[in-house]
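Data first, discussion second: the structure below is written as structure tokens.
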Amino acid sequence: MLLYNSLTRQKETFVPNAPGKVAMYTCGPTVYHFAHIGNLRSYIMEDVLEKSLRYFGYEVNRVMNITDVGHLTSDADTGEDKMLKGAKREHKTVMEIARYYTDAFFADCEKLKIRRPDTVVPATSCVPDFIRMVSGLIEKGYAYLSEGNVYFDTSKLERYYVFHDFKEEDLAEGVREGVEKDLAKRNKTDFVLWFTKSKFEDQELKWDSPWGVGYPGWHIECSAIASKYLGERLDIHCGGIDNAFPHHTNEIAQSEAYLGHKWCNWWFHVLHLNDQSGKMSKSKGAFLTVSLLEEKGYSPLAYRLFCLGSHYRRTLTFSFENLDNAQATYDRLVSRVAALPEDGPLDREKMDACRAAFREALSNDLNTSLALTALYDVLKSDLSGAAKRALVAEFDEVLSLGLLDAARAAKEKESAGPAADAADPFVAHILERIEARKAAKAQKNYAEADAIRAALAAEGVTLTDTPQGTKFTVGEAK
């Protein structure tokens, strides 16, 4: 399998440390708010990577952290903790916020058919491990105490910028709003391992340490958690491209200083999802979530298909027009699978040729677009219905578009026929408004479509959009 390595900036043949086994670490969410669909693009592509490795026969052990403390509003170790910011916004405790948004994140993952990692670790459960690692870095001469905080000393490294060759003038402090020079640092690139001072009077979560009562820095948690649950040598570390610097750069610096050897062989970075104004970001205010897409009538799996249609190392531009196309493509796929006969011979030779095309696409740096082409080619082929169904099921172990389940639901709906109560005047009214909403969406008049949904909700009618059409339930009028 050829896989691009951000560390070497080239595609390389993937060879794990232990034959047949893959130690894989994924940077998890900071659970202070809902994940937006840009965040989830990274998790979708990491999911495809994991499932591809399993498809090729590897035994994968995947670990993910949950950042519930230590991630400040600026990556430059300034500002308040993001968790504290979320707690203030919603007038809840930090742990209430963490539990709520962790559950929300995994609910989104379930809708997108993203496999839950084998091990999920909240940062707050590993504070003794962070303290142990920071102590070790001090003992080895890679860290120092200054004005209450413990810093990593980047001047002790032969090379710090492992992913990019930055120019000094591009890293000037204070060039971005909210980032001020930290006078306690010895060097501009030093970063905090343990805080006792950083708007600390507002910090809800804090622990005793050899350096005073405080809390860990964001970067130390991933290094300690990955080493604790996967050992001293990782095969693959995943994350969005915005994590490459400073987060992953700092992870490598502190991990290799602590361990005394190379820490991780492959770095897998997914590029941004942009909208018309640029990279999607929570800091802009309003942002798109899976739930909002559902409210507008889109299937989460249509969004997954949209992501699979582009390579993970290319910036992907989101628009509702693009998502409309993805939804239409998904619906056609489901219809074609639903129409497949269930019998016929299994032509092993032809099936193996189809498998080879699918495997070749995945093993060429996870080319999901060509993998989808291999799926379409199966549906267009002269294979029997039974053979096509078998290959669709096999390919969907990786693509995870839920095609057979959606096709089965579509056939059940078709066989059930029109609802028996369709002649009811109120039901007829609902169906009429649903058709009007469908027409408004087809004309991209989303404001009108949302107004129809809201009007029906006021009448006690809840709409649920599915790949097989819009369903409704009737409750009490508001």
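Naming scheme: A, B, ... for chains in displayed order of the structure tokens; residues 1 onward per chain; ligands 1 onward as shown.
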What lies within 12 Å of stretch 85-97 of chain A using only C-alpha atoms, ignoring chain neighbours under 4 positions off, as a JSON list (two decimals) with N, CA and C atoms, in the first residue's frame?
```json
[["chain", "number", "residue", "atom", "x", "y", "z"],
["A", 30, "THR", "N", -11.88, 18.52, 20.52],
["A", 30, "THR", "CA", -11.97, 19.30, 21.74],
["A", 30, "THR", "C", -13.45, 19.53, 21.97],
["A", 31, "VAL", "N", -14.00, 18.93, 23.01],
["A", 31, "VAL", "CA", -15.46, 18.79, 23.14],
["A", 31, "VAL", "C", -16.09, 19.98, 23.86],
["A", 32, "TYR", "N", -15.95, 21.15, 23.26],
["A", 32, "TYR", "CA", -16.54, 22.36, 23.82],
["A", 32, "TYR", "C", -17.71, 22.85, 22.99],
["A", 33, "HIS", "N", -17.96, 22.19, 21.83],
["A", 33, "HIS", "CA", -19.04, 22.59, 20.93],
["A", 33, "HIS", "C", -19.28, 21.42, 19.98],
["A", 34, "PHE", "N", -20.32, 21.55, 19.13],
["A", 34, "PHE", "CA", -20.57, 20.53, 18.12],
["A", 34, "PHE", "C", -19.42, 20.51, 17.11],
["A", 67, "THR", "N", -10.16, 15.74, 24.02],
["A", 67, "THR", "CA", -9.58, 16.89, 24.71],
["A", 67, "THR", "C", -10.66, 17.58, 25.53],
["A", 68, "ASP", "N", -10.63, 17.36, 26.84],
["A", 68, "ASP", "CA", -11.59, 17.99, 27.74],
["A", 68, "ASP", "C", -10.90, 18.92, 28.73],
["A", 69, "VAL", "N", -9.63, 19.24, 28.46],
["A", 69, "VAL", "CA", -8.90, 20.23, 29.25],
["A", 69, "VAL", "C", -7.62, 20.58, 28.49],
["A", 70, "GLY", "N", -7.14, 21.80, 28.66],
["A", 70, "GLY", "CA", -5.79, 22.14, 28.20],
["A", 70, "GLY", "C", -5.65, 22.77, 26.84],
["A", 71, "HIS", "N", -6.72, 22.75, 26.02],
["A", 71, "HIS", "CA", -6.61, 23.35, 24.69],
["A", 71, "HIS", "C", -7.07, 24.79, 24.76],
["A", 72, "LEU", "N", -6.13, 25.71, 24.65],
["A", 72, "LEU", "CA", -6.45, 27.13, 24.78],
["A", 72, "LEU", "C", -7.01, 27.68, 23.48],
["A", 73, "THR", "N", -7.63, 28.86, 23.57],
["A", 73, "THR", "CA", -8.26, 29.44, 22.39],
["A", 73, "THR", "C", -7.26, 29.88, 21.34],
["A", 79, "GLY", "N", -4.72, 32.81, 25.89],
["A", 79, "GLY", "CA", -6.17, 32.80, 25.95],
["A", 79, "GLY", "C", -6.69, 31.84, 27.00],
["A", 80, "GLU", "N", -8.01, 31.66, 27.02],
["A", 80, "GLU", "CA", -8.60, 30.77, 28.01],
["A", 80, "GLU", "C", -8.79, 29.38, 27.42],
["A", 81, "ASP", "N", -8.99, 28.42, 28.31],
["A", 81, "ASP", "CA", -9.23, 27.04, 27.91],
["A", 81, "ASP", "C", -10.54, 26.99, 27.10],
["A", 101, "TYR", "N", -20.96, 17.16, 24.65],
["A", 101, "TYR", "CA", -20.42, 17.27, 23.29],
["A", 101, "TYR", "C", -19.62, 16.04, 22.86],
["A", 102, "THR", "N", -19.15, 15.25, 23.83],
["A", 102, "THR", "CA", -18.56, 13.95, 23.46],
["A", 102, "THR", "C", -19.65, 13.04, 22.90],
["A", 103, "ASP", "N", -20.79, 12.99, 23.58],
["A", 103, "ASP", "CA", -21.91, 12.18, 23.09],
["A", 103, "ASP", "C", -22.39, 12.68, 21.72],
["A", 104, "ALA", "N", -22.44, 14.01, 21.56],
["A", 104, "ALA", "CA", -22.88, 14.58, 20.28],
["A", 104, "ALA", "C", -21.92, 14.21, 19.16],
["A", 122, "PRO", "N", -10.40, 10.21, 27.46],
["A", 122, "PRO", "CA", -10.48, 11.63, 27.86],
["A", 122, "PRO", "C", -9.16, 12.08, 28.49],
["A", 123, "ALA", "N", -8.73, 13.26, 28.16],
["A", 123, "ALA", "CA", -7.46, 13.76, 28.70],
["A", 123, "ALA", "C", -7.49, 13.82, 30.22],
["A", 124, "THR", "N", -8.64, 14.14, 30.79],
["A", 124, "THR", "CA", -8.72, 14.29, 32.24],
["A", 124, "THR", "C", -8.48, 12.97, 32.99],
["A", 199, "LYS", "N", -4.54, 32.85, 32.87],
["A", 199, "LYS", "CA", -5.90, 33.14, 33.28],
["A", 199, "LYS", "C", -6.38, 32.08, 34.27],
["A", 202, "ASP", "N", -9.67, 31.51, 36.59],
["A", 202, "ASP", "CA", -10.97, 31.08, 36.07],
["A", 202, "ASP", "C", -11.01, 29.58, 35.77],
["A", 203, "GLN", "N", -9.89, 28.89, 35.87],
["A", 203, "GLN", "CA", -9.81, 27.49, 35.46],
["A", 203, "GLN", "C", -10.54, 26.59, 36.44],
["A", 204, "GLU", "N", -11.50, 25.82, 35.93],
["A", 204, "GLU", "CA", -12.29, 24.95, 36.80],
["A", 204, "GLU", "C", -11.54, 23.66, 37.13],
["A", 205, "LEU", "N", -10.85, 23.09, 36.15],
["A", 205, "LEU", "CA", -10.15, 21.82, 36.34],
["A", 205, "LEU", "C", -8.68, 22.08, 36.62],
["A", 206, "LYS", "N", -8.19, 21.59, 37.75],
["A", 206, "LYS", "CA", -6.78, 21.78, 38.09],
["A", 206, "LYS", "C", -6.34, 20.67, 39.04],
["A", 282, "LYS", "N", -15.20, 27.23, 13.76],
["A", 282, "LYS", "CA", -16.16, 27.61, 14.79],
["A", 282, "LYS", "C", -16.00, 29.07, 15.20],
["A", 283, "SER", "N", -14.79, 29.59, 15.05],
["A", 283, "SER", "CA", -14.54, 30.97, 15.48],
["A", 283, "SER", "C", -15.32, 31.99, 14.65]]
```
Mind checking DSSP for stretch 276-369 of chain A and telling me the strand (DSSP E) residues as a tab-separated table (two decimals) with C-alpha atoms, in the first residue's frame?
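In the end it all went to out_25.tsv:
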```
chain	number	residue	atom	x	y	z
A	278	GLY	CA	-12.56	30.02	3.21
A	279	LYS	CA	-11.80	27.34	5.82
A	316	LEU	CA	-12.58	20.39	-0.81
A	317	THR	CA	-15.03	23.24	-1.44
```
With the cut-off set at 12 Å and counting only C-alpha atoms, tabulate each residue of stretch 356-385 of chain A with an atom at most that distance from an atom of stretch 395-416 of chain A, showing the nearest atom pair and its distance in Å to one decimal, ordered by chain and increasing number, as JSON lines.
```
{"residue": "A:Ala356", "atom": "CA", "partner": "A:Phe395", "partner_atom": "CA", "distance": 11.3}
{"residue": "A:Ala357", "atom": "CA", "partner": "A:Phe395", "partner_atom": "CA", "distance": 11.0}
{"residue": "A:Phe358", "atom": "CA", "partner": "A:Phe395", "partner_atom": "CA", "distance": 7.6}
{"residue": "A:Arg359", "atom": "CA", "partner": "A:Phe395", "partner_atom": "CA", "distance": 9.3}
{"residue": "A:Ala361", "atom": "CA", "partner": "A:Phe395", "partner_atom": "CA", "distance": 11.6}
{"residue": "A:Leu362", "atom": "CA", "partner": "A:Val398", "partner_atom": "CA", "distance": 9.4}
{"residue": "A:Leu366", "atom": "CA", "partner": "A:Val398", "partner_atom": "CA", "distance": 10.8}
{"residue": "A:Asn367", "atom": "CA", "partner": "A:Leu399", "partner_atom": "CA", "distance": 11.4}
{"residue": "A:Thr368", "atom": "CA", "partner": "A:Leu399", "partner_atom": "CA", "distance": 8.2}
{"residue": "A:Ser369", "atom": "CA", "partner": "A:Leu399", "partner_atom": "CA", "distance": 10.6}
{"residue": "A:Leu370", "atom": "CA", "partner": "A:Leu399", "partner_atom": "CA", "distance": 11.7}
{"residue": "A:Ala371", "atom": "CA", "partner": "A:Leu399", "partner_atom": "CA", "distance": 8.4}
{"residue": "A:Leu372", "atom": "CA", "partner": "A:Leu399", "partner_atom": "CA", "distance": 8.2}
{"residue": "A:Thr373", "atom": "CA", "partner": "A:Phe395", "partner_atom": "CA", "distance": 11.3}
{"residue": "A:Ala374", "atom": "CA", "partner": "A:Phe395", "partner_atom": "CA", "distance": 9.0}
{"residue": "A:Leu375", "atom": "CA", "partner": "A:Phe395", "partner_atom": "CA", "distance": 7.2}
{"residue": "A:Tyr376", "atom": "CA", "partner": "A:Phe395", "partner_atom": "CA", "distance": 11.0}
{"residue": "A:Val378", "atom": "CA", "partner": "A:Phe395", "partner_atom": "CA", "distance": 10.2}
{"residue": "A:Leu379", "atom": "CA", "partner": "A:Phe395", "partner_atom": "CA", "distance": 12.0}
```
Q: Give the alpha helix (DSSP H) residues of stretch 222-253 of chain A, as assigned by DSSP on the backbone, as a list of chain:residue names.
A: A:Cys222, A:Ser223, A:Ala224, A:Ile225, A:Ala226, A:Ser227, A:Lys228, A:Tyr229, A:Leu230, A:Thr249, A:Asn250, A:Glu251, A:Ile252, A:Ala253
Dump as JSON lines the rows for residues of stretch 286-384 of chain A within 8 Å of stretch 3-15 of chain A: closest atom pair and distance in Å with one decimal, only C-alpha atoms counted, ordered by chain and rising residue number.
```
{"residue": "A:Ser363", "atom": "CA", "partner": "A:Leu3", "partner_atom": "CA", "distance": 7.4}
{"residue": "A:Asn364", "atom": "CA", "partner": "A:Leu3", "partner_atom": "CA", "distance": 6.8}
{"residue": "A:Asp365", "atom": "CA", "partner": "A:Leu3", "partner_atom": "CA", "distance": 4.4}
{"residue": "A:Leu366", "atom": "CA", "partner": "A:Leu3", "partner_atom": "CA", "distance": 7.3}
```
Q: Go through A:Ala447, A:Ala226, A:Ile430, A:Leu346 and flag the residue nearest A:Gly28, using only C-alpha atoms for the distances.
A: A:Ala226
Q) Quick one: distance from atom CA of A:Cys264 to atom CA of A:Gly309 in Å, one decimal? A)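 Pair atom CA of A:Cys264 / atom CA of A:Gly309 returns 28.8 Å.
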**Q.** stretch 45-61 of chain A surroundings by only C-alpha atoms, 6 Å radius, close-in-sequence under 3 positions cut, as a ChimeraX atom specification
**A.** /A:20-23,42,114,398
Would you save the residues from that selection as a JSON list (two decimals), in the first residue's frame, using N, CA and C atoms?
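The resulting file, part_31.json, is reproduced below:
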```
[["chain", "number", "residue", "atom", "x", "y", "z"],
["A", 20, "GLY", "N", 1.86, -7.20, 10.08],
["A", 20, "GLY", "CA", 0.42, -7.46, 10.15],
["A", 20, "GLY", "C", -0.34, -6.65, 11.18],
["A", 21, "LYS", "N", 0.35, -5.81, 11.96],
["A", 21, "LYS", "CA", -0.33, -5.04, 13.00],
["A", 21, "LYS", "C", -0.05, -3.55, 12.83],
["A", 22, "VAL", "N", -1.07, -2.73, 13.06],
["A", 22, "VAL", "CA", -0.93, -1.28, 12.88],
["A", 22, "VAL", "C", -1.34, -0.56, 14.16],
["A", 23, "ALA", "N", -0.42, 0.23, 14.71],
["A", 23, "ALA", "CA", -0.70, 1.10, 15.85],
["A", 23, "ALA", "C", -1.04, 2.48, 15.29],
["A", 42, "SER", "N", -12.21, 15.17, 8.19],
["A", 42, "SER", "CA", -10.99, 14.49, 8.62],
["A", 42, "SER", "C", -11.30, 13.12, 9.21],
["A", 114, "ILE", "N", -18.87, 6.28, 10.82],
["A", 114, "ILE", "CA", -17.47, 6.32, 11.23],
["A", 114, "ILE", "C", -17.31, 5.36, 12.40],
["A", 398, "VAL", "N", -15.49, -0.73, 3.39],
["A", 398, "VAL", "CA", -14.56, 0.39, 3.42],
["A", 398, "VAL", "C", -15.29, 1.71, 3.19]]
```
Q: Might you pull out every residue within 12 Å of A:Gly212, with only C-alpha atoms counted and same-chain residues fewer than 6 positions away left off, and present them as a list in words?
A: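 Here the qualifying residues turn out to be Ile131, Leu145, Glu147, Gly148, Asn149, Val150, Trp194, Phe195, Thr196, Lys197, Phe200 and Lys206 of chain A.
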Q: Pick out the residues sitting within 12 Å of stretch 433-439 of chain A, and hand them over as a ChimeraX atom specification; count only C-alpha atoms, and ignore anything fewer than 2 positions along from it in its own chain.
A: /A:296-298,426-431,441-457,459,461-465,469-472
Q: Provide the atom CA of A:Leu230 to atom CA of A:Asn243 distance in Å, to one decimal place.
A: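 Interatomic distance, atom CA of A:Leu230 to atom CA of A:Asn243: 20.2 Å.
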Q. Of the candidates A:Pro425, A:Gly231, A:Gly141, A:Pro345, which one gets nearest to A:Ala257 if we count only C-alpha atoms?
A.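 Ranked by minimum distance to A:Ala257, first place goes to A:Gly141.
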